[in-house]
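Colleague: The file below is start.csv, CSV, C-alpha atoms:
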chain,number,residue,atom,x,y,z
A,1251,MET,CA,0.0,0.0,0.0
A,1252,PRO,CA,1.5,3.3,-1.0
A,1253,GLN,CA,2.0,6.2,1.3
A,1254,ILE,CA,1.6,9.9,0.9
A,1255,ILE,CA,4.0,12.0,3.0
A,1256,PHE,CA,2.7,15.5,3.4
A,1257,LEU,CA,5.4,18.0,4.3
A,1258,PRO,CA,4.6,20.4,7.1
A,1259,HIS,CA,2.3,23.3,6.2
A,1260,GLU,CA,1.9,26.1,8.7
A,1261,GLU,CA,-1.9,26.1,8.8
A,1262,ILE,CA,-3.2,22.9,7.2
A,1263,CYS,CA,-0.8,20.3,8.5
A,1264,PRO,CA,1.8,21.9,10.9
A,1265,ASP,CA,3.6,18.6,11.8
A,1266,GLY,CA,3.3,17.0,8.4
A,1267,ALA,CA,1.7,13.6,8.0
A,1268,VAL,CA,2.3,10.2,6.6
A,1269,ILE,CA,-0.8,8.4,5.4
A,1270,ASP,CA,-1.4,5.0,3.9
A,1271,VAL,CA,-3.7,5.1,0.8
A,1272,GLU,CA,-5.2,2.7,-1.7
A,1273,SER,CA,-4.0,3.0,-5.3
A,1274,GLY,CA,-6.6,4.7,-7.4
A,1275,VAL,CA,-7.5,7.5,-4.9
A,1276,SER,CA,-6.8,11.1,-5.6
A,1277,ILE,CA,-4.3,13.0,-3.4
A,1278,CYS,CA,-7.1,15.4,-2.5
A,1279,ASP,CA,-9.5,12.6,-1.4
A,1280,ALA,CA,-6.7,10.9,0.6
A,1281,ALA,CA,-5.8,14.1,2.4
A,1282,LEU,CA,-9.4,14.9,3.2
A,1283,ALA,CA,-10.1,11.4,4.5
A,1284,ASN,CA,-7.2,11.8,6.9
A,1285,ASP,CA,-8.2,15.2,8.3
A,1286,ILE,CA,-5.8,17.2,6.1
A,1287,ASP,CA,-8.2,20.0,5.1
A,1288,ILE,CA,-6.8,20.9,1.7
A,1289,GLU,CA,-8.9,23.5,0.0
A,1290,HIS,CA,-11.0,22.3,-2.9
A,1291,ALA,CA,-13.4,25.2,-3.8
A,1292,CYS,CA,-14.7,23.6,-7.0
A,1293,GLU,CA,-15.6,20.4,-5.1
A,1294,LYS,CA,-12.9,18.4,-7.0
A,1295,SER,CA,-14.3,19.1,-10.5
A,1296,CYS,CA,-11.1,20.4,-12.0
A,1297,ALA,CA,-12.4,24.0,-12.3
A,1298,CYS,CA,-10.1,25.9,-10.0
A,1299,THR,CA,-6.5,25.8,-8.5
A,1300,THR,CA,-7.2,25.7,-4.8
A,1301,CYS,CA,-6.1,22.1,-4.4
A,1302,HIS,CA,-2.7,22.8,-6.1
A,1303,VAL,CA,0.1,20.7,-4.7
A,1304,ILE,CA,3.8,20.2,-5.5
A,1305,ILE,CA,5.0,16.5,-5.8
A,1306,ARG,CA,8.4,16.5,-4.3
A,1307,GLU,CA,9.0,12.8,-4.8
A,1308,GLY,CA,7.1,10.2,-7.0
A,1309,PHE,CA,5.9,12.7,-9.6
A,1310,ASP,CA,6.8,10.3,-12.5
A,1311,SER,CA,4.5,7.6,-11.0
A,1312,LEU,CA,1.4,9.8,-11.7
A,1313,GLU,CA,-0.4,9.8,-15.0
A,1314,GLU,CA,0.3,12.9,-17.1
A,1315,SER,CA,-2.0,15.9,-16.5
A,1316,ASP,CA,-4.5,16.7,-19.3
A,1317,GLU,CA,-4.9,20.0,-21.1
A,1318,VAL,CA,-7.6,21.3,-18.8
A,1319,GLU,CA,-5.5,20.7,-15.7
A,1320,ASP,CA,-2.4,22.2,-17.4
A,1321,ASP,CA,-4.4,25.4,-18.3
A,1322,LEU,CA,-5.6,25.7,-14.7
A,1323,LEU,CA,-2.2,25.1,-13.3
A,1324,ASP,CA,-0.9,28.0,-15.3
A,1325,LYS,CA,-3.0,30.2,-13.0
A,1326,ALA,CA,-1.8,28.6,-9.7
A,1327,TRP,CA,0.3,30.5,-7.2
A,1328,GLY,CA,3.8,29.1,-6.9
A,1329,LEU,CA,3.6,26.9,-10.0
A,1330,GLU,CA,6.6,24.5,-10.4
A,1331,PRO,CA,7.3,21.8,-12.9
A,1332,GLU,CA,6.1,19.1,-10.5
A,1333,SER,CA,2.8,20.9,-9.7
A,1334,ARG,CA,-0.5,19.1,-9.9
A,1335,LEU,CA,-4.1,19.6,-8.9
A,1336,SER,CA,-4.5,17.2,-6.1
A,1337,CYS,CA,-8.1,16.4,-7.2
A,1338,GLN,CA,-6.7,15.1,-10.5
A,1339,ALA,CA,-3.5,13.4,-9.3
A,1340,ILE,CA,-4.3,9.7,-8.7
A,1341,VAL,CA,-2.0,7.7,-6.5
A,1342,LYS,CA,-0.6,4.6,-8.2
A,1343,ASP,CA,1.8,2.1,-6.5
A,1344,GLU,CA,4.6,4.4,-5.5
A,1345,ASP,CA,5.0,6.6,-2.4
A,1346,LEU,CA,4.6,10.3,-2.9
A,1347,VAL,CA,6.1,13.3,-1.0
A,1348,VAL,CA,3.7,16.2,-1.3
A,1349,GLU,CA,4.0,19.9,-0.4
A,1350,ILE,CA,0.9,22.0,0.0
A,1351,PRO,CA,1.9,25.6,-1.2
A,1352,LYS,CA,1.8,28.4,1.4
A,1353,TYR,CA,-0.8,30.3,-0.6
A,1354,THR,CA,-3.7,29.5,-2.9
A,1355,ILE,CA,-5.8,31.6,-5.2
A,1356,ASN,CA,-9.5,31.4,-4.5
A,1357,MET,CA,-11.4,33.8,-6.7
A,1358,VAL,CA,-14.6,33.4,-4.7
A,1359,SER,CA,-13.3,33.9,-1.2
A,1360,GLU,CA,-11.0,36.7,-2.4
A,1361,ASN,CA,-13.9,38.6,-4.1
A,1362,HIS,CA,-12.3,38.7,-7.6
What do you get writing this file as structure tokens?
Modeller:
Amino acid sequence: MPQIIFLPHEEICPDGAVIDVESGVSICDAALANDIDIEHACEKSCACTTCHVIIREGFDSLEESDEVEDDLLDKAWGLEPESRLSCQAIVKDEDLVVEIPKYTINMVSENH
């Protein structure tokens, strides 16, 4: 069973976390099921960037992102080559090390 190692995040996961997950589950669903309250303003429908994460290890084990996800990621704060939307990144058989960025862009809560 693969693990997701969440690096410490000041507000969401101050001590970091290591969770066991089933293959086939999104990073977002795995986080939420383990009380890591990652933001997901569009309810995981690939319509925003609030669940943006950076895959520090295990990136190549994920399926490639599609054009819709890539277009959204272009708008994400702190975009890196290993960035993914956690609602779209499905865990396979390899462990992942995930960083939740310090900031997120939420057009609704920021009144844009």
Colleague: When you draw a straight line from atom CA of His1290 of chain A to atom CA of Leu1335 of chain A, how long is it in Å?
Modeller: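 Spanning atom CA of His1290 of chain A to atom CA of Leu1335 of chain A is a straight-line distance of 9.5 Å.
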Colleague: One decimal, in Å: what's the spacing between atom CA of Ala1267 of chain A and atom CA of Gln1338 of chain A?
Modeller: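 Between atom CA of Ala1267 of chain A and atom CA of Gln1338 of chain A the gap is 20.4 Å.
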Colleague: Separation of atom CA of Ile1340 of chain A and atom CA of Asp1265 of chain A, in Å?
Modeller: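 Taking atom CA of Ile1340 of chain A and atom CA of Asp1265 of chain A, their separation equals 23.7 Å.
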Colleague: Just give me the residues with any atom within 12 Å of (-6.2, 16.7, 7.9), file coordinates, counting only C-alpha atoms, written as number ranges by chain.
Modeller: A: 1256, 1258-1259, 1261-1269, 1278-1289, 1350
Colleague: Counting all atoms listed in the file, what is within 6 Å of segment 1303-1305 of chain A, bar same-chain residues fewer than 2 positions away, as a list in words?
Modeller: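 After dropping sequence-adjacent residues, the list is Glu1307, Phe1309, Glu1332, Ser1333, Arg1334, Ser1336, Val1347, Val1348, Glu1349 and Ile1350 of chain A.
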Colleague: Pick out the closest residue to Gly1328 of chain A from this set: A:Cys1296, A:Val1341, A:Ile1355, A:Val1271. Count all atoms listed in the file.
Modeller: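 Result for the nearest residue to Gly1328 of chain A: A:Ile1355.
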Colleague: For each of A:Cys1298, A:Ala1339, A:Ser1273, A:Asp1345, take the minimum atom-to-atom distance to Leu1322 of chain A, counting only C-alpha atoms, then give the residue where this is smallest.
Modeller: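 For Leu1322 of chain A, the nearest of the candidates is A:Cys1298.
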Colleague: Which polymer residues, whether protein, DNA or RNA, lie within 12 Å of the coordinate (-10.0, 21.0, -13.1) when you count only C-alpha atoms? List them as a short mmCIF file (atom, residue, chain, number, x, y, z; two decimals) with C-alpha atoms, in the coordinates of the input, using the chain letters and numbers from the file.
Modeller:
data_model
loop_
_atom_site.label_atom_id
_atom_site.label_comp_id
_atom_site.auth_asym_id
_atom_site.auth_seq_id
_atom_site.Cartn_x
_atom_site.Cartn_y
_atom_site.Cartn_z
CA HIS A 1290 -11.00 22.30 -2.90
CA ALA A 1291 -13.40 25.20 -3.80
CA CYS A 1292 -14.70 23.60 -7.00
CA GLU A 1293 -15.60 20.40 -5.10
CA LYS A 1294 -12.90 18.40 -7.00
CA SER A 1295 -14.30 19.10 -10.50
CA CYS A 1296 -11.10 20.40 -12.00
CA ALA A 1297 -12.40 24.00 -12.30
CA CYS A 1298 -10.10 25.90 -10.00
CA THR A 1299 -6.50 25.80 -8.50
CA THR A 1300 -7.20 25.70 -4.80
CA CYS A 1301 -6.10 22.10 -4.40
CA HIS A 1302 -2.70 22.80 -6.10
CA SER A 1315 -2.00 15.90 -16.50
CA ASP A 1316 -4.50 16.70 -19.30
CA GLU A 1317 -4.90 20.00 -21.10
CA VAL A 1318 -7.60 21.30 -18.80
CA GLU A 1319 -5.50 20.70 -15.70
CA ASP A 1320 -2.40 22.20 -17.40
CA ASP A 1321 -4.40 25.40 -18.30
CA LEU A 1322 -5.60 25.70 -14.70
CA LEU A 1323 -2.20 25.10 -13.30
CA ASP A 1324 -0.90 28.00 -15.30
CA LYS A 1325 -3.00 30.20 -13.00
CA ALA A 1326 -1.80 28.60 -9.70
CA ARG A 1334 -0.50 19.10 -9.90
CA LEU A 1335 -4.10 19.60 -8.90
CA SER A 1336 -4.50 17.20 -6.10
CA CYS A 1337 -8.10 16.40 -7.20
CA GLN A 1338 -6.70 15.10 -10.50
CA ALA A 1339 -3.50 13.40 -9.30
#
Colleague: Residues within 8 Å of Ser1311 of chain A, please, as a list in words. Count only C-alpha atoms; anything in the same chain fewer than 4 positions from it doesn't count.
Modeller: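 Those residues are Val1341, Lys1342, Asp1343 and Glu1344 of chain A.
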Colleague: Using only C-alpha atoms, which of A:Glu1330, A:Tyr1353, A:Gly1274, A:Gly1308 sits nearest Glu1260 of chain A?
Modeller: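 Residue with the minimum atom-to-atom distance to Glu1260 of chain A: A:Tyr1353.
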Colleague: A:Leu1329, A:Met1251, A:Leu1346, A:Leu1257: which is nearest Leu1312 of chain A, counting all atoms listed in the file?
Modeller: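 Ranked by minimum distance to Leu1312 of chain A, first place goes to A:Leu1346.
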Colleague: Identify which of the residues A:Glu1314, A:Arg1306, A:Pro1252, A:Trp1327 lies closest to Asp1270 of chain A, counting only C-alpha atoms when measuring atom-to-atom distances.
Modeller: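 For Asp1270 of chain A, the nearest of the given residues is A:Pro1252.
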